[in-house]
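A.B. asks: The structure file target_17.tsv (TSV, C-alpha atoms) is provided below.
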```tsv
chain	number	residue	atom	x	y	z
A	11	MET	CA	53.90	68.17	126.80
A	12	SER	CA	54.46	69.82	130.17
A	13	ASP	CA	55.15	67.98	133.42
A	14	GLU	CA	51.65	68.86	134.64
A	15	GLU	CA	50.08	67.52	131.43
A	16	LYS	CA	52.04	64.30	131.76
A	17	LYS	CA	50.68	63.85	135.27
A	18	ILE	CA	47.09	64.33	134.09
A	19	PHE	CA	47.62	61.93	131.17
A	20	LYS	CA	48.85	59.12	133.39
A	21	GLY	CA	46.57	56.36	134.58
A	22	THR	CA	43.62	54.12	133.81
A	23	THR	CA	42.77	50.95	131.95
A	24	THR	CA	39.94	50.63	129.44
A	25	VAL	CA	39.06	47.60	127.36
A	26	GLY	CA	36.83	46.77	124.41
A	27	VAL	CA	35.99	43.21	123.32
A	28	SER	CA	33.78	42.12	120.43
A	29	PHE	CA	31.63	39.01	120.53
A	30	ASN	CA	29.12	37.25	118.32
A	31	GLY	CA	26.38	39.89	118.21
A	32	GLY	CA	27.82	42.73	120.25
A	33	VAL	CA	30.61	44.45	122.13
A	34	VAL	CA	31.72	44.75	125.74
A	35	VAL	CA	33.52	47.79	127.13
A	36	ALA	CA	35.10	47.91	130.58
A	37	ALA	CA	37.17	50.35	132.62
A	38	ASP	CA	38.48	50.90	136.11
A	39	LYS	CA	37.17	53.76	138.26
A	40	ARG	CA	40.33	55.44	139.62
A	41	ALA	CA	41.51	58.91	138.59
A	42	THR	CA	45.10	59.91	139.34
A	43	PHE	CA	47.13	63.11	139.29
A	44	GLY	CA	50.71	61.96	139.33
A	45	SER	CA	50.98	59.65	142.34
A	46	PHE	CA	47.90	61.20	144.00
A	47	ILE	CA	44.58	59.33	143.78
A	48	ALA	CA	42.24	62.19	142.87
A	49	SER	CA	39.01	60.18	142.72
A	50	LYS	CA	37.82	56.64	143.39
A	51	ASP	CA	34.52	56.74	141.49
A	52	VAL	CA	35.13	58.08	137.99
A	53	GLU	CA	32.83	57.09	135.12
A	54	LYS	CA	35.14	56.31	132.20
A	55	ILE	CA	32.44	54.83	129.97
A	56	THR	CA	29.79	57.09	128.43
A	57	MET	CA	26.88	56.06	126.23
A	58	ILE	CA	26.90	58.46	123.29
A	59	ASP	CA	23.94	56.87	121.50
A	60	ASP	CA	21.44	54.07	122.05
A	61	ARG	CA	23.90	51.37	120.98
A	62	MET	CA	27.25	53.13	121.11
A	63	ALA	CA	29.69	53.82	123.96
A	64	MET	CA	32.92	55.73	124.38
A	65	THR	CA	35.66	54.94	126.90
A	66	ILE	CA	38.20	57.54	127.99
A	67	ALA	CA	41.76	57.41	129.21
A	68	GLY	CA	43.68	60.62	129.79
A	69	GLY	CA	42.92	64.20	130.74
A	70	VAL	CA	39.51	64.64	132.32
A	71	GLY	CA	38.83	68.10	130.88
A	72	ASP	CA	39.79	67.07	127.35
A	73	ALA	CA	37.71	63.90	127.61
A	74	GLN	CA	34.64	65.77	128.90
A	75	ALA	CA	34.89	68.28	126.06
A	76	LEU	CA	35.04	65.49	123.47
A	77	VAL	CA	32.11	63.65	125.07
A	78	ARG	CA	29.99	66.80	124.89
A	79	PHE	CA	31.02	67.35	121.28
A	80	ILE	CA	30.33	63.85	120.00
A	81	LYS	CA	27.02	63.56	121.87
A	82	ALA	CA	25.83	66.82	120.29
A	83	GLU	CA	26.94	65.70	116.83
A	84	VAL	CA	25.30	62.29	117.17
A	85	ASP	CA	22.02	63.89	118.31
A	86	LEU	CA	22.17	66.44	115.49
A	87	TYR	CA	22.80	63.72	112.92
A	88	LYS	CA	19.83	61.72	114.21
A	89	TYR	CA	17.56	64.79	114.12
A	90	THR	CA	18.70	65.82	110.64
A	91	ASN	CA	18.80	62.42	108.97
A	92	GLY	CA	16.18	60.46	110.88
A	93	GLN	CA	18.60	57.64	111.67
A	94	ASN	CA	21.49	56.90	113.99
A	95	MET	CA	25.07	57.76	113.11
A	96	THR	CA	27.11	54.63	112.50
A	97	VAL	CA	29.85	53.61	114.92
A	98	GLN	CA	32.43	54.17	112.19
A	99	GLY	CA	30.95	57.58	111.43
A	100	ALA	CA	31.25	58.70	115.05
A	101	ALA	CA	34.78	57.33	115.34
A	102	THR	CA	35.85	59.02	112.10
A	103	LEU	CA	34.37	62.33	113.20
A	104	LEU	CA	36.31	62.20	116.47
A	105	ALA	CA	39.48	61.14	114.65
A	106	ASN	CA	39.16	64.21	112.40
A	107	ILE	CA	38.80	66.48	115.44
A	108	LEU	CA	41.86	64.94	117.09
A	109	GLN	CA	43.88	65.14	113.86
A	110	GLY	CA	42.95	68.78	113.41
A	111	ASN	CA	44.33	69.57	116.87
A	112	LYS	CA	47.51	67.50	116.67
A	113	TYR	CA	49.77	70.48	117.40
A	114	PHE	CA	47.80	71.20	120.59
A	115	PRO	CA	46.45	67.70	121.16
A	116	TYR	CA	43.64	66.50	123.34
A	117	LEU	CA	45.44	64.36	125.91
A	118	VAL	CA	43.19	61.34	125.55
A	119	GLN	CA	43.03	57.81	124.27
A	120	LEU	CA	39.54	56.73	123.25
A	121	ILE	CA	37.60	53.63	122.38
A	122	ILE	CA	34.39	53.97	120.37
A	123	ALA	CA	32.39	50.74	120.42
A	124	GLY	CA	28.87	49.77	119.50
A	125	VAL	CA	26.55	47.88	117.22
A	126	ASP	CA	24.91	49.02	113.98
A	127	GLU	CA	24.91	46.50	111.13
A	128	LYS	CA	27.52	44.54	113.09
A	129	PRO	CA	29.67	44.94	116.21
A	130	ARG	CA	32.39	47.60	115.77
A	131	ILE	CA	35.31	48.70	117.97
A	132	PHE	CA	37.59	51.62	117.08
A	133	ASP	CA	40.76	52.72	118.85
A	134	LEU	CA	41.70	56.43	118.64
A	135	ASP	CA	45.01	57.96	119.67
A	136	PRO	CA	45.55	61.63	120.66
A	137	PHE	CA	46.65	62.59	117.14
A	138	GLY	CA	43.66	61.18	115.26
A	139	GLY	CA	44.96	57.72	114.45
A	140	LEU	CA	42.00	55.41	113.92
A	141	MET	CA	42.15	51.62	113.95
A	142	GLU	CA	39.32	49.10	113.92
A	143	GLU	CA	40.00	46.17	116.23
A	144	LYS	CA	38.34	42.99	117.47
A	145	TYR	CA	39.65	43.78	120.93
A	146	VAL	CA	41.64	46.68	122.35
A	147	SER	CA	42.93	48.23	125.55
A	148	THR	CA	44.09	51.77	126.36
A	149	GLY	CA	45.72	53.52	129.29
A	150	SER	CA	48.63	52.88	131.61
A	151	GLY	CA	47.45	49.36	132.48
A	152	SER	CA	46.91	48.28	128.88
A	153	VAL	CA	50.18	46.34	128.70
A	154	VAL	CA	48.91	44.05	131.46
A	155	ALA	CA	45.39	43.91	130.04
A	156	TYR	CA	46.68	42.83	126.65
A	157	GLY	CA	48.26	39.78	128.27
A	158	ILE	CA	44.75	38.57	129.14
A	159	LEU	CA	43.16	39.70	125.88
A	160	ASP	CA	45.78	38.10	123.65
A	161	ASP	CA	45.55	34.84	125.56
A	162	MET	CA	41.78	34.52	125.87
A	163	PHE	CA	40.24	36.22	122.83
A	164	LYS	CA	38.94	34.12	119.96
A	165	ASP	CA	36.47	34.72	117.15
A	166	GLY	CA	32.85	33.83	117.87
A	167	LEU	CA	32.85	34.56	121.60
A	168	THR	CA	29.54	34.50	123.43
A	169	GLU	CA	28.42	37.55	125.38
A	170	ASN	CA	29.24	35.92	128.72
A	171	GLU	CA	32.70	34.90	127.50
A	172	ALA	CA	33.44	38.45	126.31
A	173	ILE	CA	32.23	39.92	129.62
A	174	LYS	CA	34.53	37.57	131.53
A	175	ILE	CA	37.55	38.39	129.35
A	176	ALA	CA	37.00	42.16	129.64
A	177	ALA	CA	36.53	41.99	133.41
A	178	LYS	CA	39.61	39.80	133.88
A	179	ALA	CA	41.72	42.11	131.70
A	180	VAL	CA	40.90	45.17	133.79
A	181	ALA	CA	41.23	43.19	137.03
A	182	ALA	CA	44.72	42.04	136.01
A	183	ALA	CA	45.73	45.64	135.31
A	184	MET	CA	44.43	46.68	138.74
A	185	LYS	CA	46.86	44.23	140.36
A	186	ARG	CA	49.94	45.54	138.53
A	187	ASP	CA	49.27	49.19	137.63
A	188	SER	CA	49.04	51.63	140.54
A	189	ALA	CA	47.05	54.10	138.44
A	190	THR	CA	44.29	51.53	137.85
A	191	GLY	CA	41.85	50.56	140.58
A	192	GLU	CA	38.70	51.08	142.66
A	193	GLY	CA	36.51	48.62	140.83
A	194	ILE	CA	35.31	47.83	137.31
A	195	ASP	CA	32.61	49.48	135.24
A	196	LEU	CA	31.37	47.17	132.47
A	197	ILE	CA	28.76	47.55	129.73
A	198	SER	CA	27.60	44.99	127.16
A	199	ILE	CA	25.90	46.25	123.99
A	200	THR	CA	23.91	44.24	121.46
A	201	SER	CA	21.44	45.29	118.77
A	202	ASP	CA	18.51	44.96	121.16
A	203	LYS	CA	19.88	45.81	124.62
A	204	VAL	CA	22.44	47.62	126.72
A	205	LYS	CA	23.43	45.90	129.96
A	206	ARG	CA	25.50	47.65	132.65
A	207	LEU	CA	26.75	45.20	135.23
A	208	THR	CA	26.53	46.01	138.92
A	209	LYS	CA	29.54	45.74	141.22
A	210	ASP	CA	28.24	42.42	142.57
A	211	GLN	CA	27.67	41.05	139.07
A	212	VAL	CA	31.25	41.92	138.10
A	213	LEU	CA	32.56	40.15	141.20
A	214	THR	CA	30.48	37.07	140.30
A	215	VAL	CA	32.01	37.07	136.82
A	216	LEU	CA	35.55	37.35	138.21
A	217	ASN	CA	34.98	34.60	140.75
A	218	GLY	CA	33.18	32.30	138.34
```
For this file, produce the structure as structure tokens.
C.D. replies:
Amino acid sequence: MSDEEKKIFKGTTTVGVSFNGGVVVAADKRATFGSFIASKDVEKITMIDDRMAMTIAGGVGDAQALVRFIKAEVDLYKYTNGQNMTVQGAATLLANILQGNKYFPYLVQLIIAGVDEKPRIFDLDPFGGLMEEKYVSTGSGSVVAYGILDDMFKDGLTENEAIKIAAKAVAAAMKRDSATGEGIDLISITSDKVKRLTKDQVLTVLNG
């Protein structure tokens, strides 16, 4: 990995938390290039299907290419089969792409999260490693975020509890990781709705 690639790869915090009936994904909004803050309003969470989201940490170009790819494949699968691709199916497909390019890797860390028969969260590394988790964090601030997640997560969380944990995990990373900042983007997904919190709603959660 070159020095320039290392600079692009640095920075961000994304989080996924499962709860009783759904998943929450959250991310900060800062993009960095080395020590330079390149953008303060980056969308690091993308809906790739009606009930499935993908978070990105790493190189912007690589991440955008993978988002375009998986969205096209999910749409094609739906058109061909008359049903949605499962969360595990989408995660496995991306893992295969990453594994197939391990000698010239996509410089990304991804979370695929959503709801089909049950809530699912998958963590993908740049070389195609795929792990299903109940909660997960990626990016340079993940070490700090895990402190919150490990302490607060429990089985059977409510939606509001999961939202609060995810928001607090990213907020904690923003305080300690210089590459994480500029606010929190947060989406909750259940079998019957997708809810994207506004900036004010996130602040209410953090102050509650």
A.B. asks: Between atom CA of A:Phe114 and atom CA of A:Leu134, what is the distance, to one decimal in Å?
C.D. replies: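 Atom CA of A:Leu134 lies at a distance of 16.1 Å from atom CA of A:Phe114.
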A.B. asks: Could you give me, as JSON lines, every stretch 64-103 of chain A residue with an atom at most 9 Å from stretch 118-124 of chain A, plus its closest atom pair and distance in Å to one decimal, counting all atoms listed in the file, rows ordered by chain then number?
C.D. replies:
```
{"residue": "A:Met64", "atom": "CA", "partner": "A:Ile122", "partner_atom": "CA", "distance": 4.6}
{"residue": "A:Thr65", "atom": "CA", "partner": "A:Ile121", "partner_atom": "CA", "distance": 5.1}
{"residue": "A:Ile66", "atom": "CA", "partner": "A:Leu120", "partner_atom": "CA", "distance": 5.0}
{"residue": "A:Ala67", "atom": "CA", "partner": "A:Gln119", "partner_atom": "CA", "distance": 5.1}
{"residue": "A:Gly68", "atom": "CA", "partner": "A:Val118", "partner_atom": "CA", "distance": 4.3}
{"residue": "A:Gly69", "atom": "CA", "partner": "A:Val118", "partner_atom": "CA", "distance": 5.9}
{"residue": "A:Val70", "atom": "CA", "partner": "A:Val118", "partner_atom": "CA", "distance": 8.4}
{"residue": "A:Asp72", "atom": "CA", "partner": "A:Val118", "partner_atom": "CA", "distance": 6.9}
{"residue": "A:Ala73", "atom": "CA", "partner": "A:Val118", "partner_atom": "CA", "distance": 6.4}
{"residue": "A:Thr96", "atom": "CA", "partner": "A:Gly124", "partner_atom": "CA", "distance": 8.7}
{"residue": "A:Val97", "atom": "CA", "partner": "A:Gly124", "partner_atom": "CA", "distance": 6.1}
{"residue": "A:Gln98", "atom": "CA", "partner": "A:Ile122", "partner_atom": "CA", "distance": 8.4}
{"residue": "A:Ala100", "atom": "CA", "partner": "A:Ile122", "partner_atom": "CA", "distance": 7.8}
{"residue": "A:Ala101", "atom": "CA", "partner": "A:Ile122", "partner_atom": "CA", "distance": 6.1}
```
A.B. asks: Kindly indicate which residue among A:Asn30, A:Thr22, A:Asn170, A:Gln211 lies nearest to A:Val154, using all atoms listed in the file for the distances.
C.D. replies: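 That would be A:Thr22, the residue with the smallest distance to A:Val154.
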A.B. asks: Taking all atoms listed in the file into account, name the residue in A:Ile58, A:Ile199, A:Leu104, A:Leu140 that is nearest to A:Ser28.
C.D. replies: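 Nearest to A:Ser28: A:Ile199.
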A.B. asks: Let me make sure I understand: among A:Arg130, A:Lys54, A:Lys209, A:Lys88, which one has the smallest atom-to-atom distance to A:Val34 if we use only C-alpha atoms?
C.D. replies: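 Using only C-alpha atoms, the shortest distance to A:Val34 belongs to A:Arg130.
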A.B. asks: So which one's closest to A:Leu76, A:Ser152, A:Thr214, A:Asn91, A:Asn106? Using all atoms listed in the file, please.
C.D. replies: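 Closest to A:Leu76, using all atoms listed in the file: A:Asn106.
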A.B. asks: What's around A:Lys128 at 9 Å? Count all atoms listed in the file, leave out sequence neighbours fewer than 6 positions away in its own chain, and write the answer as a list in words.
C.D. replies: Gly31, Gly32 and Ser201 of chain A
A.B. asks: Given only C-alpha atoms as the basis, pick out the residue of A:Leu207, A:Leu213, A:Ala181, A:Met57 nearest to A:Gly151.
C.D. replies: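 Smallest distance to A:Gly151 is found for A:Ala181.
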A.B. asks: Quick one: residues within 8 Å of A:Ala182, all atoms listed in the file, excluding same-chain residues fewer than 4 positions away - as a list of chain:residue names?
C.D. replies: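 Near A:Ala182, the qualifying residues are A:Val154, A:Ala155, A:Ile158, A:Lys178, A:Arg186.
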A.B. asks: Can you tell me how far atom CA of A:Gly166 sits from atom CA of A:Ala183, in Å to one decimal?
C.D. replies: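 Straight-line distance from atom CA of A:Gly166 to atom CA of A:Ala183 works out to 24.7 Å.
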A.B. asks: If I take atom CA of A:Leu159 and atom CA of A:Val146, how far is one from the other in Å, to one decimal?
C.D. replies: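 Those two atoms sit 8.0 Å apart.
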A.B. asks: Residues at most 12 Å from A:Ala176, counting all atoms listed in the file, excluding those fewer than 3 positions away in the same chain, as a ChimeraX atom specification?
C.D. replies: /A:23-29,33-38,145-147,152,155-163,167,169-173,179-183,194-198,212,215-216
A.B. asks: Restricting the calculation to all atoms listed in the file, which member of A:Lys174, A:Lys112, A:Lys203, A:Lys185 is positioned closest to A:Asp135?
C.D. replies: A:Lys112
